[in-house]
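Colleague: Enclosed is the structure file final.txt (compact mmCIF, C-alpha atoms and all ligand atoms).
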# COMPACT_ATOMS: atom_id res chain seq x y z
CA MET D 1 -74.05 -96.25 25.84
CA ASN D 2 -77.44 -97.85 26.28
CA PRO D 3 -77.32 -99.92 29.49
CA LEU D 4 -79.33 -102.81 28.05
CA ASN D 5 -77.56 -103.18 24.70
CA GLY D 6 -77.30 -106.85 23.80
CA LYS D 7 -79.84 -107.92 26.43
CA THR D 8 -83.12 -109.71 25.77
CA ALA D 9 -86.12 -109.05 27.99
CA VAL D 10 -89.47 -110.81 28.34
CA VAL D 11 -92.30 -108.64 29.66
CA THR D 12 -95.58 -110.37 30.51
CA GLY D 13 -98.83 -108.44 30.13
CA ALA D 14 -97.09 -105.89 27.91
CA ALA D 15 -99.90 -105.39 25.40
CA GLN D 16 -101.05 -102.39 27.42
CA GLY D 17 -100.70 -100.44 30.66
CA ILE D 18 -97.64 -100.72 32.87
CA GLY D 19 -96.24 -103.65 30.89
CA ALA D 20 -96.34 -101.66 27.65
CA ALA D 21 -94.53 -98.76 29.34
CA VAL D 22 -91.90 -101.15 30.70
CA ALA D 23 -91.41 -102.74 27.27
CA HIS D 24 -90.94 -99.25 25.82
CA LYS D 25 -88.41 -98.22 28.46
CA LEU D 26 -86.36 -101.41 28.10
CA ALA D 27 -86.38 -101.06 24.30
CA VAL D 28 -85.22 -97.43 24.54
CA GLN D 29 -82.38 -98.63 26.74
CA GLY D 30 -81.23 -101.06 24.07
CA ALA D 31 -82.91 -104.35 24.92
CA SER D 32 -84.61 -106.69 22.48
CA VAL D 33 -88.08 -107.20 23.89
CA ILE D 34 -90.45 -110.15 23.85
CA ILE D 35 -94.01 -109.08 24.58
CA ALA D 36 -95.80 -112.05 26.17
CA ASP D 37 -99.50 -111.46 26.60
CA VAL D 38 -102.72 -113.42 26.41
CA GLN D 39 -104.19 -110.74 24.08
CA ALA D 40 -102.58 -111.61 20.75
CA ASP D 41 -103.92 -108.78 18.56
CA ALA D 42 -103.23 -106.04 21.10
CA ALA D 43 -99.74 -107.44 21.70
CA ARG D 44 -98.97 -107.46 17.95
CA GLU D 45 -100.19 -103.89 17.59
CA ARG D 46 -98.11 -102.82 20.58
CA ALA D 47 -95.04 -104.57 19.20
CA SER D 48 -95.20 -102.91 15.80
CA LYS D 49 -95.64 -99.46 17.37
CA LEU D 50 -92.77 -100.10 19.76
CA ALA D 51 -90.43 -101.35 17.05
CA ALA D 52 -91.28 -98.34 14.87
CA ALA D 53 -90.76 -95.88 17.73
CA THR D 54 -87.51 -97.29 19.09
CA GLY D 55 -85.90 -99.33 16.31
CA ALA D 56 -85.57 -102.20 18.79
CA LYS D 57 -86.18 -105.83 17.95
CA VAL D 58 -89.62 -106.58 19.37
CA THR D 59 -91.32 -109.97 19.10
CA VAL D 60 -94.68 -111.20 20.31
CA GLU D 61 -95.66 -114.40 22.05
CA GLN D 62 -99.28 -115.09 22.78
CA LEU D 63 -99.00 -116.55 26.26
CA ASP D 64 -101.31 -117.33 29.12
CA VAL D 65 -98.97 -117.24 32.11
CA THR D 66 -101.12 -119.83 33.90
CA ASP D 67 -100.33 -122.43 31.22
CA SER D 68 -97.37 -124.27 32.67
CA GLN D 69 -96.52 -126.15 29.47
CA ALA D 70 -96.68 -123.01 27.33
CA VAL D 71 -94.44 -121.13 29.76
CA SER D 72 -91.95 -123.97 29.76
CA ARG D 73 -92.01 -124.18 25.95
CA LEU D 74 -91.38 -120.46 25.61
CA ALA D 75 -88.46 -120.54 28.05
CA GLU D 76 -86.89 -123.43 26.15
CA THR D 77 -87.37 -122.07 22.64
CA SER D 78 -86.87 -118.31 22.92
CA GLU D 79 -83.46 -116.76 22.52
CA PRO D 80 -81.59 -116.61 25.85
CA VAL D 81 -83.37 -114.14 28.11
CA ASP D 82 -81.44 -111.84 30.46
CA ILE D 83 -84.36 -109.91 31.94
CA LEU D 84 -87.77 -111.19 33.01
CA ILE D 85 -90.53 -108.79 34.04
CA ASN D 86 -93.53 -110.54 35.60
CA ASN D 87 -96.18 -107.90 35.13
CA ALA D 88 -99.34 -109.74 33.93
CA GLY D 89 -102.10 -109.44 36.49
CA ILE D 90 -105.80 -109.00 37.15
CA ALA D 91 -107.86 -107.55 39.98
CA THR D 92 -111.23 -108.89 41.06
CA ASN D 93 -113.27 -106.45 43.09
CA ALA D 94 -115.71 -108.30 45.34
CA ALA D 95 -116.70 -108.28 48.97
CA THR D 96 -115.12 -111.37 50.47
CA PHE D 97 -118.46 -112.96 51.42
CA ASP D 98 -119.43 -112.73 47.73
CA MET D 99 -116.18 -113.86 46.19
CA THR D 100 -116.63 -117.06 44.20
CA ASP D 101 -114.21 -119.96 44.26
CA GLU D 102 -113.61 -119.37 40.55
CA ALA D 103 -112.74 -115.69 40.94
CA TRP D 104 -110.42 -116.44 43.87
CA GLN D 105 -108.67 -119.23 41.98
CA ARG D 106 -108.34 -117.22 38.74
CA THR D 107 -106.70 -114.34 40.63
CA LEU D 108 -104.24 -116.69 42.30
CA ASP D 109 -103.54 -118.51 39.04
CA ILE D 110 -102.66 -115.41 37.01
CA ASN D 111 -101.05 -113.17 39.61
CA LEU D 112 -99.17 -115.68 41.72
CA THR D 113 -98.87 -119.03 39.95
CA GLY D 114 -98.14 -117.26 36.65
CA THR D 115 -95.32 -115.34 38.31
CA PHE D 116 -93.98 -118.53 39.90
CA LEU D 117 -94.08 -120.51 36.65
CA MET D 118 -92.32 -117.75 34.70
CA CYS D 119 -89.64 -117.43 37.40
CA ARG D 120 -89.05 -121.17 37.60
CA GLU D 121 -88.85 -121.80 33.86
CA PHE D 122 -86.90 -118.68 32.84
CA GLY D 123 -84.78 -118.93 35.99
CA LYS D 124 -83.47 -122.28 34.69
CA THR D 125 -82.27 -120.55 31.52
CA MET D 126 -80.65 -117.65 33.41
CA ARG D 127 -78.40 -119.68 35.71
CA GLY D 128 -74.87 -118.27 35.78
CA ARG D 129 -75.69 -115.56 33.21
CA SER D 130 -76.41 -112.47 35.41
CA GLY D 131 -80.18 -112.67 35.04
CA ALA D 132 -82.51 -110.03 36.45
CA ILE D 133 -86.12 -110.70 37.39
CA VAL D 134 -88.57 -107.97 38.42
CA ASN D 135 -91.96 -109.03 39.78
CA VAL D 136 -94.80 -106.53 39.85
CA SER D 137 -96.44 -106.48 43.27
CA SER D 138 -98.57 -103.56 44.52
CA ILE D 139 -99.27 -101.29 47.45
CA ALA D 140 -102.02 -103.88 48.02
CA GLY D 141 -99.23 -106.25 49.06
CA PHE D 142 -98.58 -104.01 52.07
CA LYS D 143 -101.99 -102.80 53.18
CA ALA D 144 -105.70 -103.18 52.45
CA THR D 145 -106.61 -100.48 49.95
CA ARG D 146 -109.93 -98.63 50.01
CA PRO D 147 -112.72 -98.19 49.12
CA GLU D 148 -112.31 -101.22 46.86
CA VAL D 149 -112.16 -104.73 48.32
CA HIS D 150 -110.14 -107.44 46.59
CA VAL D 151 -108.89 -110.04 49.00
CA GLY D 152 -107.51 -112.33 46.30
CA TYR D 153 -105.55 -109.51 44.70
CA ASP D 154 -104.12 -108.40 48.07
CA ALA D 155 -103.16 -111.96 48.96
CA THR D 156 -101.34 -112.50 45.66
CA LYS D 157 -99.51 -109.19 45.79
CA ALA D 158 -98.27 -109.91 49.33
CA ALA D 159 -97.29 -113.42 48.24
CA ILE D 160 -95.27 -112.03 45.33
CA ILE D 161 -93.14 -110.16 47.88
CA GLY D 162 -92.49 -113.43 49.76
CA LEU D 163 -91.72 -115.27 46.53
CA THR D 164 -89.33 -112.49 45.47
CA ARG D 165 -87.35 -112.62 48.71
CA THR D 166 -87.09 -116.40 48.68
CA LEU D 167 -85.91 -116.55 45.07
CA ALA D 168 -83.45 -113.69 45.65
CA ALA D 169 -81.85 -115.64 48.49
CA GLU D 170 -82.01 -119.01 46.73
CA TRP D 171 -80.72 -117.81 43.38
CA ALA D 172 -78.03 -115.30 44.41
CA SER D 173 -75.47 -118.08 43.94
CA GLU D 174 -76.88 -118.63 40.43
CA GLU D 175 -76.16 -114.96 39.56
CA ILE D 176 -79.87 -114.22 39.27
CA ARG D 177 -81.19 -111.10 40.97
CA VAL D 178 -84.86 -111.06 41.92
CA ASN D 179 -86.60 -107.85 42.95
CA ALA D 180 -90.13 -106.49 43.06
CA VAL D 181 -91.83 -103.20 42.35
CA ALA D 182 -94.92 -102.12 44.28
CA PRO D 183 -96.80 -99.49 42.27
CA GLY D 184 -99.43 -97.26 43.77
CA TYR D 185 -102.63 -96.42 41.88
CA ALA D 186 -101.52 -96.07 38.27
CA ASN D 187 -103.47 -94.76 35.34
CA THR D 188 -104.32 -98.02 33.48
CA ASP D 189 -107.30 -100.19 32.57
CA ILE D 190 -106.98 -102.37 35.66
CA LEU D 191 -108.39 -99.51 37.74
CA LYS D 192 -111.66 -99.85 35.80
CA SER D 193 -112.14 -103.25 37.41
CA VAL D 194 -111.82 -101.78 40.91
CA GLY D 195 -113.99 -98.66 40.69
CA ALA D 196 -112.29 -96.04 38.49
CA GLU D 197 -115.55 -95.31 36.70
CA SER D 198 -116.74 -93.59 39.89
CA PRO D 199 -115.49 -89.98 40.16
CA GLU D 200 -115.87 -90.21 43.95
CA THR D 201 -113.63 -93.26 44.11
CA LEU D 202 -111.04 -91.57 41.90
CA GLU D 203 -111.03 -88.55 44.21
CA GLN D 204 -110.77 -90.78 47.29
CA TRP D 205 -107.74 -92.55 45.83
CA LYS D 206 -105.99 -89.29 45.01
CA ALA D 207 -106.76 -87.91 48.48
CA GLN D 208 -104.94 -90.89 50.03
CA VAL D 209 -101.78 -90.17 48.04
CA PRO D 210 -99.50 -87.43 49.42
CA GLN D 211 -98.65 -86.40 45.84
CA GLY D 212 -102.42 -86.10 45.24
CA ARG D 213 -102.47 -87.93 41.93
CA LEU D 214 -102.34 -91.28 40.18
CA MET D 215 -98.98 -92.61 39.02
CA GLU D 216 -98.25 -92.81 35.29
CA PRO D 217 -97.20 -96.15 33.75
CA ALA D 218 -93.98 -94.52 32.50
CA GLU D 219 -93.02 -93.66 36.11
CA ILE D 220 -93.40 -97.29 37.13
CA ALA D 221 -91.38 -98.33 34.09
CA GLU D 222 -88.47 -96.16 35.27
CA VAL D 223 -88.09 -98.08 38.54
CA VAL D 224 -88.59 -101.45 36.86
CA ALA D 225 -85.84 -100.55 34.40
CA PHE D 226 -83.50 -99.61 37.26
CA LEU D 227 -83.97 -103.01 38.90
CA ALA D 228 -83.49 -104.76 35.54
CA ALA D 229 -80.27 -102.92 34.68
CA PRO D 230 -76.70 -103.87 35.58
CA SER D 231 -76.44 -100.59 37.57
CA SER D 232 -78.53 -102.22 40.33
CA SER D 233 -76.13 -105.18 40.55
CA ALA D 234 -76.02 -105.03 44.38
CA VAL D 235 -79.79 -104.96 44.74
CA THR D 236 -81.65 -108.23 45.20
CA GLY D 237 -84.63 -109.25 47.34
CA HIS D 238 -85.78 -105.63 47.42
CA VAL D 239 -89.29 -104.26 47.01
CA LEU D 240 -89.23 -100.81 45.46
CA VAL D 241 -92.40 -98.87 46.24
CA ALA D 242 -93.48 -96.30 43.62
CA ASP D 243 -96.70 -94.90 45.02
CA GLY D 244 -96.49 -91.11 45.36
CA GLY D 245 -96.15 -91.59 49.11
CA TYR D 246 -99.32 -93.67 49.61
CA THR D 247 -97.76 -96.18 52.01
CA ALA D 248 -95.98 -93.40 53.92
CA TRP D 249 -99.31 -92.12 55.20
N1 LIG D 301 -102.54 -99.85 37.62
C1 LIG D 301 -102.40 -99.90 38.93
O1 LIG D 301 -102.95 -99.08 39.67
C2 LIG D 301 -101.53 -100.96 39.54
C3 LIG D 301 -101.10 -100.78 40.86
C4 LIG D 301 -100.31 -101.74 41.44
C5 LIG D 301 -99.94 -102.86 40.72
N2 LIG D 301 -100.37 -103.01 39.45
C6 LIG D 301 -99.97 -104.23 38.74
O2 LIG D 301 -99.37 -103.89 37.50
C7 LIG D 301 -99.50 -104.98 36.60
C8 LIG D 301 -99.98 -104.46 35.26
O3 LIG D 301 -101.29 -103.98 35.40
P1 LIG D 301 -101.88 -102.73 34.58
O4 LIG D 301 -102.24 -101.73 35.58
O5 LIG D 301 -100.98 -102.38 33.48
O6 LIG D 301 -103.25 -103.41 34.06
P2 LIG D 301 -103.80 -103.74 32.61
O7 LIG D 301 -105.09 -104.44 32.87
O8 LIG D 301 -103.78 -102.53 31.77
O9 LIG D 301 -102.74 -104.77 32.01
C9 LIG D 301 -102.68 -106.12 32.40
C10 LIG D 301 -102.07 -106.92 31.26
O10 LIG D 301 -101.94 -108.29 31.70
C11 LIG D 301 -102.36 -109.13 30.65
N3 LIG D 301 -102.80 -110.42 31.17
C12 LIG D 301 -103.88 -110.68 31.96
N4 LIG D 301 -103.98 -111.98 32.19
C13 LIG D 301 -102.95 -112.58 31.56
C14 LIG D 301 -102.52 -113.93 31.43
N5 LIG D 301 -103.20 -114.94 32.00
N6 LIG D 301 -101.40 -114.18 30.72
C15 LIG D 301 -100.72 -113.18 30.11
N7 LIG D 301 -101.08 -111.88 30.18
C16 LIG D 301 -102.19 -111.60 30.90
C17 LIG D 301 -103.50 -108.36 29.99
O11 LIG D 301 -103.80 -108.86 28.69
C18 LIG D 301 -102.95 -106.94 29.99
O12 LIG D 301 -102.17 -106.69 28.86
C19 LIG D 301 -100.47 -105.96 37.27
O13 LIG D 301 -99.73 -107.01 37.86
C20 LIG D 301 -101.12 -105.13 38.34
O14 LIG D 301 -101.59 -105.89 39.43
C21 LIG D 301 -101.15 -102.09 38.84
Could you quickly redo this structure as structure tokens?
Ligand SMILES: NC(=O)c1ccc[n+]([C@@H]2O[C@H](COP(=O)([O-])OP(=O)(O)OC[C@H]3O[C@@H](n4cnc5c(N)ncnc54)[C@H](O)[C@@H]3O)[C@@H](O)[C@H]2O)c1

Modeller:
Amino acid sequence: MNPLNGKTAVVTGAAQGIGAAVAHKLAVQGASVIIADVQADAARERASKLAAATGAKVTVEQLDVTDSQAVSRLAETSEPVDILINNAGIATNAATFDMTDEAWQRTLDINLTGTFLMCREFGKTMRGRSGAIVNVSSIAGFKATRPEVHVGYDATKAAIIGLTRTLAAEWASEEIRVNAVAPGYANTDILKSVGAESPETLEQWKAQVPQGRLMEPAEIAEVVAFLAAPSSSAVTGHVLVADGGYTAW
């Protein structure tokens, strides 16, 4: 039997990349999926492909996760959600002396405040219903990555780990599990914003990974799906690292 039959999942930032792979995996496992992304056209295209490929019910919500009222409205009006995947995120590559107030604030707003708002509003709807939340952190939440420099990104990804642990402890009595996944370098568009166009940078990244390669979005989706599924019922407040061994070195 599909482990997520009868469940409804919201995945933010699922128009592409890791979020799209997560939406696919959850749909294959039987969930109805709500793709919530700021890119409306790309999200609609993704949803129709996903529905055609899996037969799952897939709906689209154009959502900016930084918009508190829109997040609240979605939580109140959507069908009851059992699984929330906070995946939407951006990276801003800039030496710290050159980082503008705007770039810093935008990174915090999307990566951290967006995650907080989604947790708070959907958490309210999950109380007492065995909810599962998975927040997407990063290896950058554990250590400064190189050669790229993105202090705002690192700060938000570390903060997501703190937020995850606090909510896991606070909401265990509400039957809501809250976990995080920390992917290593994964083959998606976000890497273009931190130097992937440079073959030297790509090689440097791979050389820092014991497995010698980038992760694939589908591999990250596997661990997200584990934390979202009832089979991980004892797991909460955990950060599951999926990085090909990067943080082991
Ligand atoms: N790819 C990697 O190497 C890597 C590594 C570690 C962590 N991550 C994290 O994985 C998550 C997904 O990133 P990705 O690699 O798939 O990148 P991506 O750029 O391909 O996808 C990001 C998605 O987030 C959406 N998004 C951006 N701002 C938004 C907003 N305000 N509201 C709603 N949606 C918004 C985008 O439209 C896009 O669909 C991010 O949180 C990222 O930090 C990625």

Colleague: Within 8 Å of (-108.1, -113.2, 42.6) (file coordinates; all atoms listed in the file), which protein or nucleic acid residues are there? I'd like them as a PyMOL selection string.

Modeller: chain D and resi 90-92+103-109+111+150-153+156

Colleague: As a PyMOL selection string, please: every protein or nucleic acid residue near ligand LIG 301 (chain D) (cut-off 6 Å, counting only C-alpha atoms and all ligand atoms).

Modeller: chain D and resi 12-19+37-39+63-66+87-90+110+136-138+183-191

Colleague: Report, in Å to a single decimal, how far apart atom CA of D:Glu45 and atom CA of D:Glu79 are.

Modeller: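 These two atoms are separated by 21.7 Å.
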
Colleague: Using only C-alpha atoms for the distances, tell me which of D:Ala31, D:Ala75, D:Ala56, D:Ala51 is nearest to D:Arg120.

Modeller: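 Answer, going by the shortest atom-to-atom distance: D:Ala75.
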
Colleague: Just to confirm, what's the straight-line distance from atom CA of D:Ile85 to atom CA of D:Gln62 in Å (one decimal)?

Modeller: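 According to the coordinates, atom CA of D:Ile85 and atom CA of D:Gln62 are separated by 15.6 Å.
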
Colleague: To one decimal in Å, tell me the separation between atom CA of D:Gly55 and atom CA of D:Val28.

Modeller: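 Value for the atom CA of D:Gly55-atom CA of D:Val28 distance: 8.5 Å.
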
Colleague: Assuming the input is short of atoms at stretch 186-209 of chain D, produce N, CA and C atoms for that part as an mmCIF file, keeping the file's coordinate frame.

Modeller:
data_model
loop_
_atom_site.group_PDB
_atom_site.id
_atom_site.type_symbol
_atom_site.label_atom_id
_atom_site.label_comp_id
_atom_site.auth_asym_id
_atom_site.auth_seq_id
_atom_site.Cartn_x
_atom_site.Cartn_y
_atom_site.Cartn_z
ATOM 1 N N ALA D 186 -102.082 -96.559 39.525
ATOM 2 C CA ALA D 186 -101.520 -96.070 38.270
ATOM 3 C C ALA D 186 -102.604 -96.040 37.202
ATOM 4 N N ASN D 187 -102.442 -95.094 36.317
ATOM 5 C CA ASN D 187 -103.470 -94.760 35.340
ATOM 6 C C ASN D 187 -103.541 -95.812 34.220
ATOM 7 N N THR D 188 -104.190 -96.957 34.492
ATOM 8 C CA THR D 188 -104.320 -98.020 33.480
ATOM 9 C C THR D 188 -105.718 -98.637 33.566
ATOM 10 N N ASP D 189 -105.976 -99.554 32.637
ATOM 11 C CA ASP D 189 -107.300 -100.190 32.570
ATOM 12 C C ASP D 189 -107.668 -100.991 33.808
ATOM 13 N N ILE D 190 -106.660 -101.503 34.522
ATOM 14 C CA ILE D 190 -106.980 -102.370 35.660
ATOM 15 C C ILE D 190 -107.814 -101.606 36.696
ATOM 16 N N LEU D 191 -107.640 -100.302 36.753
ATOM 17 C CA LEU D 191 -108.390 -99.510 37.740
ATOM 18 C C LEU D 191 -109.891 -99.524 37.439
ATOM 19 N N LYS D 192 -110.228 -99.779 36.140
ATOM 20 C CA LYS D 192 -111.660 -99.850 35.800
ATOM 21 C C LYS D 192 -112.324 -101.021 36.524
ATOM 22 N N SER D 193 -111.538 -102.074 36.760
ATOM 23 C CA SER D 193 -112.140 -103.250 37.410
ATOM 24 C C SER D 193 -112.243 -103.074 38.918
ATOM 25 N N VAL D 194 -111.722 -101.985 39.460
ATOM 26 C CA VAL D 194 -111.820 -101.780 40.910
ATOM 27 C C VAL D 194 -112.466 -100.453 41.282
ATOM 28 N N GLY D 195 -113.173 -99.820 40.318
ATOM 29 C CA GLY D 195 -113.990 -98.660 40.690
ATOM 30 C C GLY D 195 -113.641 -97.341 40.042
ATOM 31 N N ALA D 196 -112.738 -97.314 39.063
ATOM 32 C CA ALA D 196 -112.290 -96.040 38.490
ATOM 33 C C ALA D 196 -113.389 -95.290 37.748
ATOM 34 N N GLU D 197 -114.466 -95.996 37.407
ATOM 35 C CA GLU D 197 -115.550 -95.310 36.700
ATOM 36 C C GLU D 197 -116.289 -94.333 37.629
ATOM 37 N N SER D 198 -116.080 -94.472 38.921
ATOM 38 C CA SER D 198 -116.740 -93.590 39.890
ATOM 39 C C SER D 198 -115.840 -92.379 40.197
ATOM 40 N N PRO D 199 -116.313 -91.159 39.865
ATOM 41 C CA PRO D 199 -115.490 -89.980 40.160
ATOM 42 C C PRO D 199 -115.183 -89.854 41.653
ATOM 43 N N GLU D 200 -116.104 -90.284 42.497
ATOM 44 C CA GLU D 200 -115.870 -90.210 43.950
ATOM 45 C C GLU D 200 -114.718 -91.124 44.367
ATOM 46 N N THR D 201 -114.713 -92.319 43.781
ATOM 47 C CA THR D 201 -113.630 -93.260 44.110
ATOM 48 C C THR D 201 -112.287 -92.706 43.641
ATOM 49 N N LEU D 202 -112.272 -92.164 42.421
ATOM 50 C CA LEU D 202 -111.040 -91.570 41.900
ATOM 51 C C LEU D 202 -110.515 -90.488 42.850
ATOM 52 N N GLU D 203 -111.423 -89.642 43.302
ATOM 53 C CA GLU D 203 -111.030 -88.550 44.210
ATOM 54 C C GLU D 203 -110.530 -89.114 45.540
ATOM 55 N N GLN D 204 -111.202 -90.171 46.027
ATOM 56 C CA GLN D 204 -110.770 -90.780 47.290
ATOM 57 C C GLN D 204 -109.358 -91.353 47.159
ATOM 58 N N TRP D 205 -109.091 -92.006 46.030
ATOM 59 C CA TRP D 205 -107.740 -92.550 45.830
ATOM 60 C C TRP D 205 -106.700 -91.425 45.862
ATOM 61 N N LYS D 206 -106.978 -90.383 45.089
ATOM 62 C CA LYS D 206 -105.990 -89.290 45.010
ATOM 63 C C LYS D 206 -105.774 -88.655 46.389
ATOM 64 N N ALA D 207 -106.864 -88.539 47.163
ATOM 65 C CA ALA D 207 -106.760 -87.910 48.480
ATOM 66 C C ALA D 207 -105.895 -88.725 49.435
ATOM 67 N N GLN D 208 -105.752 -90.026 49.156
ATOM 68 C CA GLN D 208 -104.940 -90.890 50.030
ATOM 69 C C GLN D 208 -103.465 -90.878 49.642
ATOM 70 N N VAL D 209 -103.152 -90.192 48.546
ATOM 71 C CA VAL D 209 -101.780 -90.170 48.040
ATOM 72 C C VAL D 209 -101.174 -88.789 48.355
#
